Structure formats: structure tokens, C-alpha cells
>>> print(open('input35.cif').read())   # mmCIF, C-alpha atoms
data_start
loop_
_atom_site.label_atom_id
_atom_site.label_comp_id
_atom_site.auth_asym_id
_atom_site.auth_seq_id
_atom_site.Cartn_x
_atom_site.Cartn_y
_atom_site.Cartn_z
CA MET G 270 51.31 22.61 62.05
CA PHE G 271 47.94 21.48 63.42
CA SER G 272 45.35 20.93 60.67
CA LYS G 273 41.79 21.85 61.64
CA ARG G 274 39.22 19.39 60.40
CA THR G 275 36.05 20.29 58.53
CA ASP G 276 33.84 18.69 55.88
CA LEU G 277 32.38 22.06 54.85
CA ALA G 278 33.78 23.80 51.77
CA LEU G 279 32.72 27.13 53.30
CA GLU G 280 34.92 26.52 56.35
CA ALA G 281 37.80 25.26 54.21
CA HIS G 282 37.62 28.58 52.36
CA GLU G 283 37.63 30.45 55.68
CA LEU G 284 40.64 28.49 56.91
CA PHE G 285 42.57 29.36 53.76
CA GLN G 286 41.80 33.04 54.26
CA GLU G 287 42.98 32.84 57.89
CA SER G 288 46.23 31.11 57.00
CA ALA G 289 49.61 32.65 56.24
CA GLU G 290 48.59 32.55 52.58
CA LYS G 291 45.72 34.98 53.12
CA THR G 292 47.66 37.70 51.30
CA THR G 293 47.73 35.47 48.22
CA ARG G 294 44.75 35.53 45.91
CA LEU G 295 42.98 32.19 45.97
CA GLU G 296 42.99 30.96 42.39
CA GLY G 297 40.32 28.63 41.10
CA VAL G 298 37.71 29.35 43.79
CA ARG G 299 34.65 31.58 43.58
CA ALA G 300 32.38 32.32 46.57
CA VAL G 301 29.05 34.20 46.47
CA ARG G 302 26.77 34.99 49.44
CA ARG G 303 23.04 35.66 49.12
CA GLN G 304 19.81 35.82 51.13
CA LYS G 305 17.00 33.48 50.10
CA GLU G 306 13.74 32.65 51.91
CA GLY G 307 15.06 34.60 54.90
CA TYR G 308 18.17 32.42 55.23
CA SER G 309 21.77 33.11 54.26
CA THR G 310 23.37 30.99 51.52
CA THR G 311 26.96 30.70 50.30
CA ARG G 312 27.88 29.16 46.97
CA VAL G 313 31.50 28.03 46.72
CA GLU G 314 32.66 26.85 43.30
CA ILE G 315 35.98 25.05 43.00
CA LEU G 316 36.88 25.62 39.38
CA ASN G 317 40.20 23.86 38.81
CA ALA G 318 42.98 21.77 40.31
CA ALA G 319 44.57 24.79 42.01
CA GLY G 320 41.35 25.54 43.87
CA ALA G 321 40.88 21.86 44.77
CA LYS G 322 44.40 21.69 46.21
CA ALA G 323 43.98 24.89 48.20
CA LEU G 324 40.72 23.82 49.85
CA GLY G 325 41.28 20.07 49.92
CA LYS G 326 37.96 19.45 48.15
CA PRO G 327 37.12 18.03 44.69
CA ILE G 328 36.26 20.34 41.81
CA GLY G 329 32.55 21.16 41.88
CA VAL G 330 29.77 23.25 43.38
CA TYR G 331 29.17 23.48 47.15
CA MET G 332 26.05 25.23 48.45
CA THR G 333 25.96 26.04 52.16
CA LEU G 334 22.63 26.98 53.74
CA ASP G 335 22.78 28.80 57.09
CA LEU G 336 19.68 27.70 59.02
CA SER G 337 20.65 29.31 62.33
CA SER G 338 17.40 31.27 62.46
CA PHE G 339 15.45 28.04 61.87
CA TRP G 340 15.69 27.40 65.61
CA GLN G 341 14.12 30.77 66.41
CA ARG G 342 10.83 29.39 65.07
CA LYS G 343 9.90 32.49 63.09
CA PRO G 344 6.77 32.43 60.86
CA GLU G 345 6.94 29.69 58.23
CA PHE G 346 10.46 28.75 59.35
CA PHE G 347 9.96 25.11 58.30
CA GLU G 348 8.27 25.85 54.99
CA ARG G 349 10.92 28.43 54.01
CA ALA G 350 13.74 26.02 54.87
CA VAL G 351 12.13 23.28 52.76
CA ARG G 352 11.62 25.58 49.77
CA LEU G 353 15.20 26.87 50.03
CA LEU G 354 16.71 23.39 50.23
CA GLY G 355 14.45 22.12 47.46
CA ALA G 356 15.28 25.00 45.14
CA GLU G 357 19.04 24.63 45.65
CA LEU G 358 18.86 20.86 45.21
CA LYS G 359 16.83 21.28 42.03
CA GLU G 360 19.73 23.23 40.49
CA LEU G 361 22.06 20.27 41.03
CA ILE G 362 19.91 17.35 39.89
CA PRO G 363 18.93 16.38 36.31
CA ASP G 364 15.63 17.82 35.03
CA ALA G 365 14.21 14.33 34.55
CA GLY G 366 14.93 10.71 35.38
CA SER G 367 14.76 8.32 38.32
CA ALA G 368 16.45 8.94 41.66
CA LEU G 369 17.93 6.70 44.34
CA VAL G 370 18.08 8.36 47.77
CA ILE G 371 20.72 6.85 50.03
CA GLY G 372 20.63 7.36 53.80
CA LEU G 373 24.18 6.87 55.06
CA GLY G 374 25.07 6.39 58.69
CA ASN G 375 24.13 4.60 61.88
CA ALA G 376 20.49 5.02 62.91
CA ALA G 377 21.37 3.85 66.44
CA MET G 378 23.85 6.69 67.02
CA THR G 379 22.04 10.04 66.94
CA PRO G 380 24.83 12.27 65.54
CA ASP G 381 25.21 9.78 62.68
CA ALA G 382 21.48 9.23 62.09
CA VAL G 383 20.74 12.12 59.71
CA GLY G 384 20.89 9.92 56.60
CA PRO G 385 18.62 7.06 57.75
CA ARG G 386 16.09 9.45 59.31
CA THR G 387 15.94 11.58 56.17
CA VAL G 388 14.86 8.57 54.11
CA ASP G 389 11.88 8.19 56.50
CA HIS G 390 10.53 11.47 55.08
CA VAL G 391 11.18 10.77 51.39
CA LEU G 392 8.23 9.89 49.14
CA ILE G 393 9.11 6.50 47.63
CA THR G 394 7.37 6.04 44.28
CA ARG G 395 9.32 3.53 42.19
CA HIS G 396 7.16 0.56 43.16
CA LEU G 397 3.95 2.59 42.92
CA LEU G 398 4.69 3.62 39.35
CA SER G 399 5.09 -0.05 38.45
CA ALA G 400 1.93 -1.16 40.27
CA MET G 401 -0.34 1.82 39.50
CA PRO G 402 1.10 3.69 36.53
CA ARG G 403 -2.09 5.63 35.76
CA GLN G 404 -2.66 6.89 39.31
CA PHE G 405 0.96 7.99 39.75
CA ALA G 406 1.57 9.31 36.24
CA GLY G 407 3.70 12.43 36.42
CA PHE G 408 5.63 11.35 39.51
CA ARG G 409 9.36 10.82 39.25
CA PRO G 410 10.51 7.26 40.13
CA VAL G 411 12.25 7.43 43.52
CA ALA G 412 13.73 4.59 45.56
CA GLY G 413 15.26 4.88 49.02
CA PHE G 414 17.82 2.80 50.87
CA ARG G 415 19.47 2.91 54.32
CA THR G 416 22.93 1.38 54.08
CA GLY G 417 23.57 0.67 57.76
CA VAL G 418 27.19 0.54 58.88
CA LEU G 419 29.99 -1.96 58.35
CA GLY G 420 30.08 -2.95 62.02
CA THR G 421 26.50 -4.26 61.96
CA THR G 422 26.09 -5.39 58.34
CA GLY G 423 29.57 -6.57 57.38
CA VAL G 424 29.04 -4.75 54.08
CA GLU G 425 30.70 -1.48 53.07
CA SER G 426 28.19 1.25 52.21
CA ALA G 427 29.87 1.74 48.83
CA GLU G 428 29.55 -2.00 48.05
CA ALA G 429 25.84 -2.02 48.86
CA VAL G 430 25.14 1.15 46.88
CA ARG G 431 27.11 -0.02 43.84
CA ALA G 432 25.13 -3.26 43.76
CA LEU G 433 21.84 -1.41 44.14
CA VAL G 434 22.72 1.04 41.38
CA ARG G 435 23.51 -1.88 39.05
CA GLU G 436 20.15 -3.51 39.79
CA THR G 437 17.81 -0.50 39.85
CA ARG G 438 19.67 1.68 37.31
CA PRO G 439 18.73 5.14 38.64
CA ASP G 440 19.65 8.20 36.60
CA PHE G 441 21.27 9.80 39.65
CA VAL G 442 21.87 9.28 43.36
CA ILE G 443 21.18 11.63 46.26
CA ALA G 444 23.35 10.66 49.24
CA VAL G 445 22.62 12.05 52.72
CA ASP G 446 25.12 11.85 55.57
CA ALA G 447 26.34 13.51 58.76
CA LEU G 448 29.38 15.79 58.50
CA ALA G 449 31.92 17.37 60.83
CA ALA G 450 32.18 21.15 61.20
CA ARG G 451 35.02 23.28 62.45
CA ARG G 452 32.90 25.51 64.71
CA MET G 453 30.18 24.56 67.19
CA ASN G 454 27.88 27.32 65.93
CA ARG G 455 27.58 25.45 62.62
CA VAL G 456 26.53 22.14 64.21
CA CYS G 457 22.94 21.43 63.17
CA THR G 458 22.55 24.95 61.78
CA THR G 459 24.08 24.28 58.37
CA VAL G 460 23.26 22.15 55.34
CA GLN G 461 25.80 21.56 52.58
CA LEU G 462 24.79 20.43 49.09
CA SER G 463 27.35 19.44 46.47
CA ASN G 464 27.58 17.73 43.10
CA THR G 465 30.88 15.99 43.95
CA GLY G 466 29.64 12.91 45.81
CA ILE G 467 30.41 12.00 49.39
CA VAL G 468 32.62 9.87 51.62
CA PRO G 469 30.44 7.91 54.10
CA GLY G 470 31.36 8.23 57.77
CA SER G 471 32.81 11.74 57.55
CA GLY G 472 30.77 13.04 60.45
CA VAL G 473 32.12 10.50 62.95
CA GLY G 474 35.68 10.33 61.66
CA ASN G 475 35.30 6.91 60.06
CA HIS G 476 35.96 7.55 56.37
CA ARG G 477 34.90 4.76 54.02
CA ALA G 478 34.98 4.28 50.23
CA ALA G 479 33.68 7.28 48.29
CA LEU G 480 30.33 7.48 46.52
CA THR G 481 30.95 9.52 43.38
CA GLU G 482 30.03 9.51 39.71
CA LYS G 483 33.34 7.76 39.06
CA THR G 484 32.61 4.90 41.50
CA LEU G 485 28.88 4.52 40.78
CA GLY G 486 28.62 5.47 37.10
CA VAL G 487 25.82 8.02 37.68
CA PRO G 488 25.83 11.57 39.07
CA VAL G 489 25.92 11.74 42.88
CA ILE G 490 24.50 14.75 44.69
CA ALA G 491 25.46 14.94 48.36
CA LEU G 492 23.47 16.47 51.21
CA GLY G 493 25.22 16.80 54.54
CA VAL G 494 24.49 18.25 57.96
CA PRO G 495 27.37 18.83 60.39
CA THR G 496 26.42 17.18 63.68
CA VAL G 497 29.81 17.09 65.41
CA VAL G 498 33.06 19.00 65.83
CA GLU G 499 36.37 17.23 66.34
CA ALA G 500 37.48 17.98 69.91
CA ALA G 501 41.04 18.88 68.87
CA THR G 502 39.74 21.35 66.27
CA LEU G 503 37.40 22.92 68.82
CA ALA G 504 40.23 23.18 71.36
CA ALA G 505 42.51 24.81 68.79
CA ASP G 506 39.93 27.47 67.98
CA LEU G 507 39.30 28.18 71.68
CA LEU G 508 43.03 28.48 72.38
CA GLU G 509 43.48 30.86 69.47
CA GLU G 510 40.60 32.99 70.72
CA ALA G 511 42.37 33.11 74.10
CA GLY G 512 45.53 34.43 72.44
CA VAL G 513 47.55 31.20 72.18
CA THR G 514 49.26 31.27 68.79
CA GLU G 515 51.62 28.27 69.00
CA LEU G 516 49.72 24.98 69.07
CA ASP G 517 51.18 21.54 69.75
CA ALA G 518 49.47 19.19 67.29
CA LYS G 519 50.41 16.02 69.19
CA LYS G 520 49.06 17.29 72.51
CA LEU G 521 45.86 18.51 70.87
CA GLN G 522 45.21 15.14 69.23
CA GLY G 523 46.02 13.17 72.40
CA LYS G 524 46.94 9.51 72.57
CA ASN G 525 43.52 8.07 71.79
CA ARG G 526 41.26 8.13 68.75
CA ALA G 527 39.75 11.47 67.77
CA MET G 528 36.96 12.56 70.08
CA MET G 529 33.84 14.21 68.64
CA VAL G 530 31.74 16.87 70.39
CA THR G 531 28.05 17.54 69.77
CA THR G 532 25.20 19.54 71.32
CA ARG G 533 23.10 18.36 74.26
CA ASP G 534 19.86 18.68 72.24
CA ILE G 535 21.20 16.65 69.31
CA ASP G 536 18.14 14.32 69.34
CA ASP G 537 15.71 17.16 68.67
CA ARG G 538 17.94 18.83 66.11
CA VAL G 539 18.58 15.69 64.06
CA HIS G 540 14.85 14.89 64.15
CA ASN G 541 13.89 18.33 62.80
CA LEU G 542 16.65 18.68 60.21
CA SER G 543 16.08 15.17 58.84
CA LYS G 544 12.48 16.18 58.14
CA VAL G 545 13.65 19.37 56.39
CA LEU G 546 16.02 17.33 54.22
CA GLY G 547 13.40 14.71 53.37
CA TYR G 548 10.74 17.28 52.50
CA GLY G 549 13.27 19.34 50.53
CA ILE G 550 14.16 16.26 48.47
CA ASN G 551 10.45 15.67 47.77
CA TRP G 552 9.96 19.33 46.84
CA ALA G 553 12.83 19.16 44.35
CA LEU G 554 11.98 15.76 42.83
CA GLN G 555 8.20 15.84 42.63
CA ASP G 556 7.24 19.54 42.41
CA LEU G 557 4.90 19.06 45.36
CA GLU G 558 3.84 21.67 47.87
CA ILE G 559 4.38 20.95 51.56
CA GLU G 560 0.68 20.32 52.26
CA GLU G 561 0.65 17.71 49.48
CA ILE G 562 3.81 16.06 50.87
CA ASN G 563 2.17 15.88 54.31
CA THR G 564 -0.87 14.16 52.82
CA LEU G 565 1.12 11.63 50.81
CA LEU G 566 3.42 10.71 53.73
CA SER G 567 0.66 10.48 56.33
#
>>> encode(input="input35.cif", output="C-alpha cells")
Amino acid sequence: MFSKRTDLALEAHELFQESAEKTTRLEGVRAVRRQKEGYSTTRVEILNAAGAKALGKPIGVYMTLDLSSFWQRKPEFFERAVRLLGAELKELIPDAGSALVIGLGNAAMTPDAVGPRTVDHVLITRHLLSAMPRQFAGFRPVAGFRTGVLGTTGVESAEAVRALVRETRPDFVIAVDALAARRMNRVCTTVQLSNTGIVPGSGVGNHRAALTEKTLGVPVIALGVPTVVEAATLAADLLEEAGVTELDAKKLQGKNRAMMVTTRDIDDRVHNLSKVLGYGINWALQDLEIEEINTLLS
């Protein structure tokens, strides 16, 4: 049987419901949908090993924000998206303590540049608190780091982050990366937050060593934006919509490495969503309003 690929817990839940097991109650998984700030949100909680096995995801909380209407540019679309992301992130991070924001991915390849570009919009305060403690009293210590990729650095992202965590000793890590979705309508319209860590390279099909609390020794909160869809997964969905029920997995995968599909305006979308993620991180960490973030980053 052909296995459709997705990094989104929401889509993994949908795939389970569409499968032959859809008549079976899904044990160990709870999903709740809500409207916040004019956007739709879905909270998927994987509660036990049975739920983790069914969805192929670790036990934990997965928040999916549907930002489809973001691109309609309705009043305060940016501000509402930032407040929504910030509020959901705030529920996952510790109430106090220092943060290390990691931008995973390849800044030279647009669909994989969400992580590095997000760090550009994060307010870095760790050095300022050391140099000017009185002026920056009340700010949370935040450091940021872009890992680069193995092909250009010769260093695994996990190796670099582990070393940095040992040296800087943050209380928690926020890791930002590109993901892969199952459906094209979720590409650059969705943000997933989770408290389970992340596997760098997911979005471009190049899985590396995981960044989790187990591997780093501190909690890891993951932020991901799907920027691509695996071509075989997209083809399978299109064939099923056309009424083809029997799929040949080998023919769908082809002879070469997996091909990824993205949108033609990926540059603009990654630019805008990276800013939303960066500002949302600031909103959650520093309790700053958007006008104040603009001033401090300018």
C-alpha cells in the first residue's frame, strides 16, 4: 500500500480517518477545533503509545493554525496572526527562563529557508542583558542561531545545537523548520506548533538527527510551516479524486529520489510567514506589542 507523506499531525489524523480503519475508534488521540483571532485552529493531543502508533507521531501536543485567510489581507491580518501564534506558543513554553531559538534549514533554498529567515525577526537579548542589565531588566534572555546544512558546514544540525546548548545553557529551545504537507492547499497556509521536538530536514525529505528533550536535555518546542508536498503524495491524492482506487506505490515513487512540489510564489510566502513566526516568538517571550517589536527590531 502506498503511504502518503505528511509532517502535520492534523493530516496524519485525517489519513487515519480515511483509511480502512476509519470504523475503528482512534484510541489515545483527542482533536479539538476552535476559532481564534479570526483563524481556525486544531489541537491534536496524542495521549499514549496507541495514539502515537496510529498517527506515527510522538506523544505530545500539536497545534495547527490555519492561516489561509492571511493571504486575503483582511483588516489586521498580520497582527491577528502574530497574536494567535504568540498565544499558542506561550501555552507550550515555560513561564520563565532563557530561550534559544534555532533556525533550521538552508537559507539559499527558499522552501527550506523558513527557519533561518525567522531568526532574522527574533529579538535577541542575551548579550544585551549582560552588557546593559538595568536598561533591559524585565526582558527574557534570548539567543538565536542558524544551523546551516550539512552540505555546506560539514556539521550536523543536531551536533551544533547540542554543543550550543551545553555552552549557553538555555532553559528551553524553540526550533523552527520547513515541513512537508499532504495537500497543496496547506502549503504556506498552515503553522504547526508542538512540544515534541523536531527532525531537521523534514520539509525537503532529508531527515537528520532529532532535536528533542531527550537529545538536548531541555524542552524543545517546534514551529513548522509546510512549504512543499511530496510529488508522489500529491499524485496519489489527485488520482483518488479522479476515481482511481488501486495505486501502484513503485510507479508513484518513480526510480529517482522523491520530488517535492511547491507554489510559484514561494518567495513571497516564506518572507511573510517567517516574519509572522519571528514576531509571534517575540510576542510570546517578551510580552511586547507589535508596535514595540517594530521599534526594537528597526
>>> atom_distance(input="input35.cif", atom1="CA of Arg342 in chain G", atom2="CA of Glu306 in chain G")
13.9 Å
>>> resolve_selection(input="input35.cif", expression="the PyMOL selection byres ((chain G and resi 309) around 12)", output="VMD selection string")
chain G and resid 301 to 308 310 to 312 332 to 339 349 to 350 353 to 354 458 to 460
>>> closest_residue(input="input35.cif", among="G:Asn464, G:Asn454, G:Thr484, G:Thr387", to="Glu428 in chain G", atoms="all atoms listed in the file")
G:Thr484
>>> residues_near_point(input="input35.cif", point="(28.1, 25.9, 68.6)", cutoff="12 Å", atoms="only C-alpha atoms", output="count of residues only")
24
>>> residues_around(input="input35.cif", residues="range 558-567 of chain G", least_positions_apart="4", cutoff="9 Å", atoms="all atoms listed in the file", output="PyMOL selection string")
chain G and resi 348+351-352+390-392+548+551-552
>>> closest_residue(input="input35.cif", among="G:Leu277, G:Leu554, G:Val489, G:Leu480", to="Ala365 in chain G", atoms="only C-alpha atoms")
G:Leu554
>>> resolve_selection(input="input35.cif", expression="the PyMOL selection byres ((chain G and resi 410) around 10)", output="JSON list (two decimals) with C-alpha atoms, in the frame of the given file")
[["chain", "number", "residue", "atom", "x", "y", "z"],
["G", 365, "ALA", "CA", 14.21, 14.33, 34.55],
["G", 366, "GLY", "CA", 14.93, 10.71, 35.38],
["G", 367, "SER", "CA", 14.76, 8.32, 38.32],
["G", 368, "ALA", "CA", 16.45, 8.94, 41.66],
["G", 369, "LEU", "CA", 17.93, 6.70, 44.34],
["G", 392, "LEU", "CA", 8.23, 9.89, 49.14],
["G", 393, "ILE", "CA", 9.11, 6.50, 47.63],
["G", 394, "THR", "CA", 7.37, 6.04, 44.28],
["G", 395, "ARG", "CA", 9.32, 3.53, 42.19],
["G", 396, "HIS", "CA", 7.16, 0.56, 43.16],
["G", 397, "LEU", "CA", 3.95, 2.59, 42.92],
["G", 398, "LEU", "CA", 4.69, 3.62, 39.35],
["G", 399, "SER", "CA", 5.09, -0.05, 38.45],
["G", 405, "PHE", "CA", 0.96, 7.99, 39.75],
["G", 406, "ALA", "CA", 1.57, 9.31, 36.24],
["G", 407, "GLY", "CA", 3.70, 12.43, 36.42],
["G", 408, "PHE", "CA", 5.63, 11.35, 39.51],
["G", 409, "ARG", "CA", 9.36, 10.82, 39.25],
["G", 411, "VAL", "CA", 12.25, 7.43, 43.52],
["G", 412, "ALA", "CA", 13.73, 4.59, 45.56],
["G", 439, "PRO", "CA", 18.73, 5.14, 38.64],
["G", 440, "ASP", "CA", 19.65, 8.20, 36.60],
["G", 554, "LEU", "CA", 11.98, 15.76, 42.83],
["G", 555, "GLN", "CA", 8.20, 15.84, 42.63]]
>>> resolve_selection(input="input35.cif", expression="the PyMOL selection byres ((chain G and resi 433) around 12)", output="ChimeraX atom specification")
/G:368-371,412-416,426-432,434-439,442,485-486
>>> closest_residue(input="input35.cif", among="G:Ser272, G:Asn375, G:Ser543, G:Thr421", to="Leu284 in chain G", atoms="only C-alpha atoms")
G:Ser272
>>> atom_distance(input="input35.cif", atom1="CA of Ala553 in chain G", atom2="CA of Glu360 in chain G")
8.9 Å
>>> atom_distance(input="input35.cif", atom1="CA of Thr481 in chain G", atom2="CA of Ala444 in chain G")
9.7 Å
>>> closest_residue(input="input35.cif", among="G:Met529, G:Val418, G:Ile362, G:Val487", to="Ala376 in chain G", atoms="all atoms listed in the file")
G:Val418
>>> closest_residue(input="input35.cif", among="G:Asp389, G:Phe441, G:Ala479, G:Glu296", to="Glu425 in chain G", atoms="only C-alpha atoms")
G:Ala479
>>> closest_residue(input="input35.cif", among="G:Gly420, G:Pro344, G:Gly325, G:Pro385", to="Ala447 in chain G", atoms="all atoms listed in the file")
G:Pro385
